[in-house]
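Source file: protein.txt (compact mmCIF, C-alpha atoms)
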```txt
# COMPACT_ATOMS: atom_id res chain seq x y z
CA MET O 1 -20.12 -11.42 -1.80
CA ASN O 2 -19.82 -8.49 -4.19
CA SER O 3 -21.22 -5.39 -2.53
CA LEU O 4 -20.03 -2.65 -4.88
CA ILE O 5 -22.42 0.31 -5.19
CA LYS O 6 -23.25 -0.62 -8.78
CA ASN O 7 -24.64 -3.92 -7.51
CA ILE O 8 -26.93 -2.28 -4.96
CA PRO O 9 -30.47 -1.57 -6.24
CA ILE O 10 -30.73 2.06 -7.32
CA GLU O 11 -33.44 2.90 -4.78
CA GLU O 12 -31.21 1.65 -1.94
CA ARG O 13 -28.15 3.67 -2.84
CA PRO O 14 -27.20 6.47 -0.39
CA ARG O 15 -27.61 9.39 -2.82
CA GLU O 16 -30.97 8.16 -4.04
CA ARG O 17 -32.14 7.66 -0.45
CA PHE O 18 -30.90 11.17 0.36
CA ILE O 19 -33.08 12.61 -2.41
CA LYS O 20 -36.10 10.49 -1.56
CA PHE O 21 -36.06 10.56 2.25
CA GLY O 22 -33.89 13.55 3.21
CA VAL O 23 -30.46 13.73 4.84
CA GLU O 24 -31.83 13.40 8.39
CA ASN O 25 -33.13 9.91 7.61
CA LEU O 26 -29.83 8.47 6.40
CA SER O 27 -27.74 6.13 8.53
CA ASN O 28 -24.21 7.00 9.60
CA THR O 29 -22.92 4.49 7.06
CA GLU O 30 -24.88 6.15 4.27
CA LEU O 31 -23.69 9.63 5.23
CA LEU O 32 -20.08 8.49 5.27
CA SER O 33 -20.56 6.73 1.94
CA ILE O 34 -21.73 9.97 0.34
CA ILE O 35 -18.78 11.92 1.76
CA LEU O 36 -16.18 9.32 0.74
CA ASN O 37 -17.89 8.90 -2.66
CA THR O 38 -15.99 5.77 -3.73
CA GLY O 39 -14.45 2.68 -2.24
CA THR O 40 -11.32 0.93 -3.42
CA LYS O 41 -10.73 -1.81 -5.98
CA ASN O 42 -11.64 -4.52 -3.48
CA ILE O 43 -13.72 -2.65 -0.88
CA SER O 44 -17.04 -0.97 -1.56
CA VAL O 45 -17.66 2.51 -0.17
CA LYS O 46 -20.27 0.99 2.16
CA GLU O 47 -17.75 -1.50 3.58
CA LEU O 48 -15.20 1.27 3.87
CA SER O 49 -17.68 3.40 5.82
CA ASN O 50 -18.41 0.48 8.13
CA ASN O 51 -14.67 -0.06 8.65
CA ILE O 52 -14.40 3.52 9.88
CA LEU O 53 -17.44 3.24 12.15
CA ASN O 54 -16.18 -0.06 13.57
CA SER O 55 -12.91 1.60 14.54
CA ILE O 56 -14.65 3.95 17.00
CA ASN O 57 -16.98 3.48 19.94
CA ASP O 58 -19.42 6.23 19.01
CA ILE O 59 -20.03 8.53 16.04
CA SER O 60 -18.96 11.50 18.19
CA ASP O 61 -15.46 9.96 18.36
CA LEU O 62 -14.92 11.03 14.75
CA LYS O 63 -14.15 14.54 15.98
CA ASN O 64 -10.98 13.20 17.63
CA MET O 65 -9.75 11.30 14.59
CA THR O 66 -6.40 12.32 13.13
CA LEU O 67 -5.07 11.95 9.61
CA ASN O 68 -2.61 9.24 10.61
CA LYS O 69 -5.20 7.30 12.60
CA LEU O 70 -7.69 7.30 9.72
CA LYS O 71 -5.01 6.08 7.34
CA THR O 72 -4.52 2.95 9.45
CA ILE O 73 -8.08 1.85 8.63
CA LYS O 74 -8.26 -0.63 5.77
CA GLY O 75 -9.20 1.12 2.55
CA VAL O 76 -8.69 4.68 3.83
CA GLY O 77 -5.91 6.49 2.01
CA GLU O 78 -4.68 10.03 2.52
CA VAL O 79 -7.16 11.61 0.09
CA LYS O 80 -10.22 10.02 1.70
CA ALA O 81 -8.91 10.79 5.18
CA ILE O 82 -8.43 14.45 4.28
CA LYS O 83 -11.89 14.60 2.71
CA LEU O 84 -13.53 13.16 5.84
CA LEU O 85 -11.59 15.37 8.27
CA SER O 86 -12.42 18.43 6.17
CA SER O 87 -16.13 17.56 6.31
CA ILE O 88 -15.96 17.17 10.10
CA GLU O 89 -14.14 20.50 10.47
CA LEU O 90 -16.64 22.28 8.22
CA GLY O 91 -19.51 20.97 10.34
CA ARG O 92 -17.74 22.09 13.50
CA ARG O 93 -17.30 25.59 12.10
CA VAL O 94 -20.94 25.83 11.05
CA TYR O 95 -22.04 25.20 14.63
CA GLN O 96 -19.20 27.22 16.14
CA GLU O 97 -20.32 30.27 14.16
CA LYS O 98 -23.65 30.09 15.96
CA ARG O 99 -21.85 29.79 19.30
CA LEU O 100 -19.58 32.73 18.55
CA LYS O 101 -22.48 35.14 18.31
CA LYS O 102 -22.79 37.21 21.46
CA ILE O 103 -20.80 34.97 23.77
CA LYS O 104 -19.65 37.02 26.73
CA LEU O 105 -16.58 35.61 28.43
CA ASN O 106 -16.33 37.81 31.50
CA SER O 107 -15.55 35.06 34.00
CA ALA O 108 -13.41 31.94 34.21
CA ASP O 109 -16.38 29.62 34.64
CA LYS O 110 -17.91 30.93 31.39
CA VAL O 111 -14.64 30.27 29.58
CA PHE O 112 -14.56 26.76 31.05
CA SER O 113 -18.14 26.09 29.89
CA TYR O 114 -17.33 27.41 26.43
CA ILE O 115 -14.14 25.44 25.73
CA ASN O 116 -14.21 22.40 28.00
CA GLN O 117 -15.82 20.08 25.42
CA THR O 118 -13.25 21.11 22.82
CA LEU O 119 -10.36 20.11 25.08
CA LYS O 120 -11.93 17.10 26.78
CA GLY O 121 -10.05 13.87 26.14
CA LYS O 122 -7.07 15.47 24.39
CA ASN O 123 -3.82 13.64 25.08
CA GLN O 124 -1.60 16.61 24.23
CA GLU O 125 -1.59 20.19 25.42
CA TYR O 126 -3.61 22.52 23.20
CA PHE O 127 -3.07 26.26 23.51
CA TYR O 128 -5.89 28.61 22.51
CA ALA O 129 -6.13 32.36 22.47
CA LEU O 130 -9.64 33.81 22.87
CA TYR O 131 -9.90 37.31 21.42
CA LEU O 132 -12.45 39.65 22.98
CA ASP O 133 -13.93 43.04 22.14
CA SER O 134 -14.13 45.95 24.60
CA LYS O 135 -17.24 44.45 26.24
CA LYS O 136 -15.62 41.02 26.60
CA TYR O 137 -17.68 39.41 23.83
CA LEU O 138 -15.81 36.71 21.94
CA ILE O 139 -14.56 37.77 18.52
CA GLU O 140 -12.72 34.59 17.62
CA SER O 141 -11.00 31.57 19.14
CA LYS O 142 -7.63 30.51 17.71
CA LEU O 143 -5.78 27.24 18.29
CA LEU O 144 -2.16 28.37 18.16
CA PHE O 145 -0.06 25.48 19.43
CA ILE O 146 -0.19 21.75 20.12
CA GLY O 147 2.37 20.05 22.32
CA THR O 148 4.07 20.73 25.63
CA ILE O 149 3.55 24.37 26.52
CA ASN O 150 6.82 26.19 27.03
CA LYS O 151 8.47 29.47 26.13
CA SER O 152 10.20 28.00 23.08
CA ILE O 153 7.02 27.13 21.17
CA VAL O 154 4.49 29.67 22.44
CA HIS O 155 5.49 32.75 20.51
CA PRO O 156 3.94 36.00 21.78
CA ARG O 157 4.14 37.47 18.29
CA GLU O 158 1.60 34.89 17.06
CA ILE O 159 -0.75 35.60 19.96
CA PHE O 160 -0.66 39.36 19.50
CA LYS O 161 -0.61 39.24 15.69
CA TYR O 162 -4.14 37.88 15.63
CA ALA O 163 -5.21 40.40 18.26
CA TYR O 164 -4.28 43.20 15.85
CA LEU O 165 -5.84 41.49 12.85
CA LEU O 166 -9.10 40.99 14.76
CA SER O 167 -9.03 44.42 16.45
CA ALA O 168 -9.30 42.69 19.81
CA SER O 169 -9.27 44.67 23.04
CA SER O 170 -8.12 41.82 25.27
CA ILE O 171 -7.06 38.17 25.24
CA ILE O 172 -7.77 35.12 27.38
CA CYS O 173 -5.23 32.33 27.02
CA VAL O 174 -6.39 28.76 27.56
CA HIS O 175 -4.57 25.47 27.54
CA ASN O 176 -5.26 22.00 28.88
CA HIS O 177 -3.37 19.59 31.11
CA PRO O 178 -4.10 16.06 29.81
CA SER O 179 -3.34 14.65 33.28
CA GLY O 180 -6.37 16.48 34.66
CA ASP O 181 -4.23 18.27 37.27
CA THR O 182 -4.68 22.01 36.74
CA THR O 183 -1.79 23.11 38.96
CA PRO O 184 0.31 25.59 36.95
CA SER O 185 3.80 24.43 36.04
CA LYS O 186 6.86 26.69 36.24
CA GLU O 187 6.60 27.08 32.47
CA ASP O 188 2.93 28.10 32.77
CA LEU O 189 3.80 30.74 35.38
CA PHE O 190 6.72 32.07 33.37
CA LEU O 191 4.76 32.19 30.13
CA THR O 192 1.81 33.96 31.73
CA LYS O 193 3.99 36.58 33.37
CA SER O 194 5.75 37.24 30.06
CA LEU O 195 2.51 37.55 28.11
CA VAL O 196 0.97 39.89 30.66
CA GLU O 197 4.02 42.19 30.48
CA ILE O 198 4.00 42.18 26.66
CA GLY O 199 0.25 42.81 26.64
CA LYS O 200 0.67 45.91 28.76
CA LEU O 201 3.27 47.24 26.32
CA GLN O 202 1.08 46.40 23.32
CA GLY O 203 -2.05 47.90 24.83
CA ILE O 204 -3.89 44.57 24.53
CA ASN O 205 -4.24 43.04 27.97
CA ILE O 206 -4.02 39.37 28.81
CA ILE O 207 -6.96 39.31 31.23
CA ASP O 208 -6.70 35.64 32.19
CA HIS O 209 -4.90 32.40 31.50
CA ILE O 210 -7.01 29.35 32.24
CA ILE O 211 -5.76 25.79 32.57
CA ILE O 212 -8.36 23.14 31.78
CA GLY O 213 -8.27 19.69 33.38
CA SER O 214 -10.79 17.86 35.51
CA ASN O 215 -11.85 21.38 36.48
CA TYR O 216 -10.03 24.64 35.79
CA TYR O 217 -7.41 26.97 37.20
CA SER O 218 -7.71 30.72 36.58
CA PHE O 219 -4.60 32.86 36.94
CA PHE O 220 -6.84 35.89 37.44
CA GLU O 221 -8.99 34.32 40.15
CA ASN O 222 -5.87 33.13 41.96
CA GLY O 223 -4.26 36.56 41.91
CA ASN O 224 -1.52 35.71 39.41
CA ILE O 225 -2.65 38.31 36.88
```

Do you think you could lay out the structure here as structure tokens?
Amino acid sequence: MNSLIKNIPIEERPRERFIKFGVENLSNTELLSIILNTGTKNISVKELSNNILNSINDISDLKNMTLNKLKTIKGVGEVKAIKLLSSIELGRRVYQEKRLKKIKLNSADKVFSYINQTLKGKNQEYFYALYLDSKKYLIESKLLFIGTINKSIVHPREIFKYAYLLSASSIICVHNHPSGDTTPSKEDLFLTKSLVEIGKLQGINIIDHIIIGSNYYSFFENGNI
């Protein structure tokens, strides 16, 4: 059955339905079809969109998609994968901007509430630096490293570079343990001690380092900062 867009009645095409009914009334397939714009020689954009949706359990799983994973889906090449991931990231930033307004991170449980959803389900360690003003309001959150956290890949110069660029007064470091066990490793303890010492010299204090897992571990609350 030929299901190319040109063979779909005009009034049933995603863009026309967008104009007539509004974006909020489009299906997930239609929204993806508009973003992807075209299919391939043998696969319509609608089929391609369904292929993507069939590869996940829920639409929210798209936020965890990677470039390589998308490219394994029939009909999705690098260009379309990049386009889709860029759209997802743009949407995330739109909503994050709202969250970044007047968020006070003056306790470990507030940091956990703020970033837990971002790190939930990750199968690698993600290292974030949260930059705060003098009243502990969040200025910006930066993902600095992905992988096993150790002294060889977590470079203090990167952490403090952004602090200067953002005129931050203090920093909270956050990373996850995919295992769910929040017990600090020797590398975590060494890294934290090093960052705290550098922060004191730089005049930009590391006020906490929080490990996210099934719950959280705060270096500050446990007397390690």

Can I get the residues of range 152-193 of chain O within 10 Å of range 201-222 of chain O, each with the closest pair of atoms and their distance in Å to one decimal, using only C-alpha atoms, sorted chain first then ascending number, as CSV?
```
residue,atom,partner,partner_atom,distance
O:Phe160,CA,O:Ile204,CA,7.9
O:Ala163,CA,O:Ile204,CA,7.6
O:Tyr164,CA,O:Ile204,CA,8.8
O:Ser167,CA,O:Ile204,CA,9.6
O:Ala168,CA,O:Ile204,CA,7.4
O:Ser169,CA,O:Ile204,CA,5.6
O:Ser170,CA,O:Asn205,CA,4.9
O:Ile171,CA,O:Ile206,CA,4.8
O:Ile172,CA,O:Asp208,CA,5.0
O:Cys173,CA,O:His209,CA,4.5
O:Val174,CA,O:Ile210,CA,4.8
O:His175,CA,O:Ile211,CA,5.2
O:Asn176,CA,O:Ile212,CA,4.4
O:His177,CA,O:Gly213,CA,5.4
O:Pro178,CA,O:Gly213,CA,6.6
O:Ser179,CA,O:Gly213,CA,7.1
O:Gly180,CA,O:Gly213,CA,3.9
O:Asp181,CA,O:Gly213,CA,5.8
O:Thr182,CA,O:Gly213,CA,5.4
O:Thr183,CA,O:Tyr217,CA,7.0
O:Pro184,CA,O:Ile211,CA,7.5
O:Asp188,CA,O:Ile211,CA,9.0
O:Leu189,CA,O:Phe219,CA,8.8
O:Leu191,CA,O:His209,CA,9.8
O:Thr192,CA,O:His209,CA,6.9
O:Lys193,CA,O:Ile206,CA,9.6
```

Create the file for the chosen residues now, containing C-alpha atoms and written as a PDB file, keeping the file's coordinate frame.
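Wrote part_19.pdb, looks like this:
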```pdb
ATOM      1  CA  PHE O 160      -0.660  39.360  19.500  1.00  0.00           C
ATOM      2  CA  ALA O 163      -5.210  40.400  18.260  1.00  0.00           C
ATOM      3  CA  TYR O 164      -4.280  43.200  15.850  1.00  0.00           C
ATOM      4  CA  SER O 167      -9.030  44.420  16.450  1.00  0.00           C
ATOM      5  CA  ALA O 168      -9.300  42.690  19.810  1.00  0.00           C
ATOM      6  CA  SER O 169      -9.270  44.670  23.040  1.00  0.00           C
ATOM      7  CA  SER O 170      -8.120  41.820  25.270  1.00  0.00           C
ATOM      8  CA  ILE O 171      -7.060  38.170  25.240  1.00  0.00           C
ATOM      9  CA  ILE O 172      -7.770  35.120  27.380  1.00  0.00           C
ATOM     10  CA  CYS O 173      -5.230  32.330  27.020  1.00  0.00           C
ATOM     11  CA  VAL O 174      -6.390  28.760  27.560  1.00  0.00           C
ATOM     12  CA  HIS O 175      -4.570  25.470  27.540  1.00  0.00           C
ATOM     13  CA  ASN O 176      -5.260  22.000  28.880  1.00  0.00           C
ATOM     14  CA  HIS O 177      -3.370  19.590  31.110  1.00  0.00           C
ATOM     15  CA  PRO O 178      -4.100  16.060  29.810  1.00  0.00           C
ATOM     16  CA  SER O 179      -3.340  14.650  33.280  1.00  0.00           C
ATOM     17  CA  GLY O 180      -6.370  16.480  34.660  1.00  0.00           C
ATOM     18  CA  ASP O 181      -4.230  18.270  37.270  1.00  0.00           C
ATOM     19  CA  THR O 182      -4.680  22.010  36.740  1.00  0.00           C
ATOM     20  CA  THR O 183      -1.790  23.110  38.960  1.00  0.00           C
ATOM     21  CA  PRO O 184       0.310  25.590  36.950  1.00  0.00           C
ATOM     22  CA  ASP O 188       2.930  28.100  32.770  1.00  0.00           C
ATOM     23  CA  LEU O 189       3.800  30.740  35.380  1.00  0.00           C
ATOM     24  CA  LEU O 191       4.760  32.190  30.130  1.00  0.00           C
ATOM     25  CA  THR O 192       1.810  33.960  31.730  1.00  0.00           C
ATOM     26  CA  LYS O 193       3.990  36.580  33.370  1.00  0.00           C
TER      27      LYS O 193
END
```

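Between CA of Lys63 in chain O and CA of Thr118 in chain O lies a distance of 9.5 Å.
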
Non-local contacts of Leu105 in chain O (10 Å; all atoms listed in the file; under 4 positions in same chain excluded) as JSON, numbers by chain
{"O": [109, 110, 111, 112, 113, 114, 130, 131, 132, 135, 136, 137, 138, 172]}

Writer output for current selection, C-alpha atoms, as a short mmCIF file (atom, residue, chain, number, x, y, z; two decimals), in the coordinates of the input:
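Final output, saved to again03.cif:
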```cif
data_model
loop_
_atom_site.label_atom_id
_atom_site.label_comp_id
_atom_site.auth_asym_id
_atom_site.auth_seq_id
_atom_site.Cartn_x
_atom_site.Cartn_y
_atom_site.Cartn_z
CA ASP O 109 -16.38 29.62 34.64
CA LYS O 110 -17.91 30.93 31.39
CA VAL O 111 -14.64 30.27 29.58
CA PHE O 112 -14.56 26.76 31.05
CA SER O 113 -18.14 26.09 29.89
CA TYR O 114 -17.33 27.41 26.43
CA LEU O 130 -9.64 33.81 22.87
CA TYR O 131 -9.90 37.31 21.42
CA LEU O 132 -12.45 39.65 22.98
CA LYS O 135 -17.24 44.45 26.24
CA LYS O 136 -15.62 41.02 26.60
CA TYR O 137 -17.68 39.41 23.83
CA LEU O 138 -15.81 36.71 21.94
CA ILE O 172 -7.77 35.12 27.38
#
```

Spatial neighbours of Val76 in chain O, max dist 10 Å, all atoms listed in the file, sep filter under 2 positions, as a list of chain:residue names:
O:Leu36, O:Gly39, O:Thr40, O:Leu48, O:Ser49, O:Asn51, O:Ile52, O:Leu67, O:Lys69, O:Leu70, O:Lys71, O:Thr72, O:Ile73, O:Lys74, O:Glu78, O:Val79, O:Lys80, O:Ala81, O:Ile82, O:Leu84

Please report the interatomic distance between CA of Ile115 in chain O and CA of Gly91 in chain O in Å with one decimal.
16.9 Å

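Across O:Lys122, O:Arg15, O:Lys200, O:Arg92, the tightest approach to Ser27 in chain O is made by O:Arg15 when counting all atoms listed in the file.
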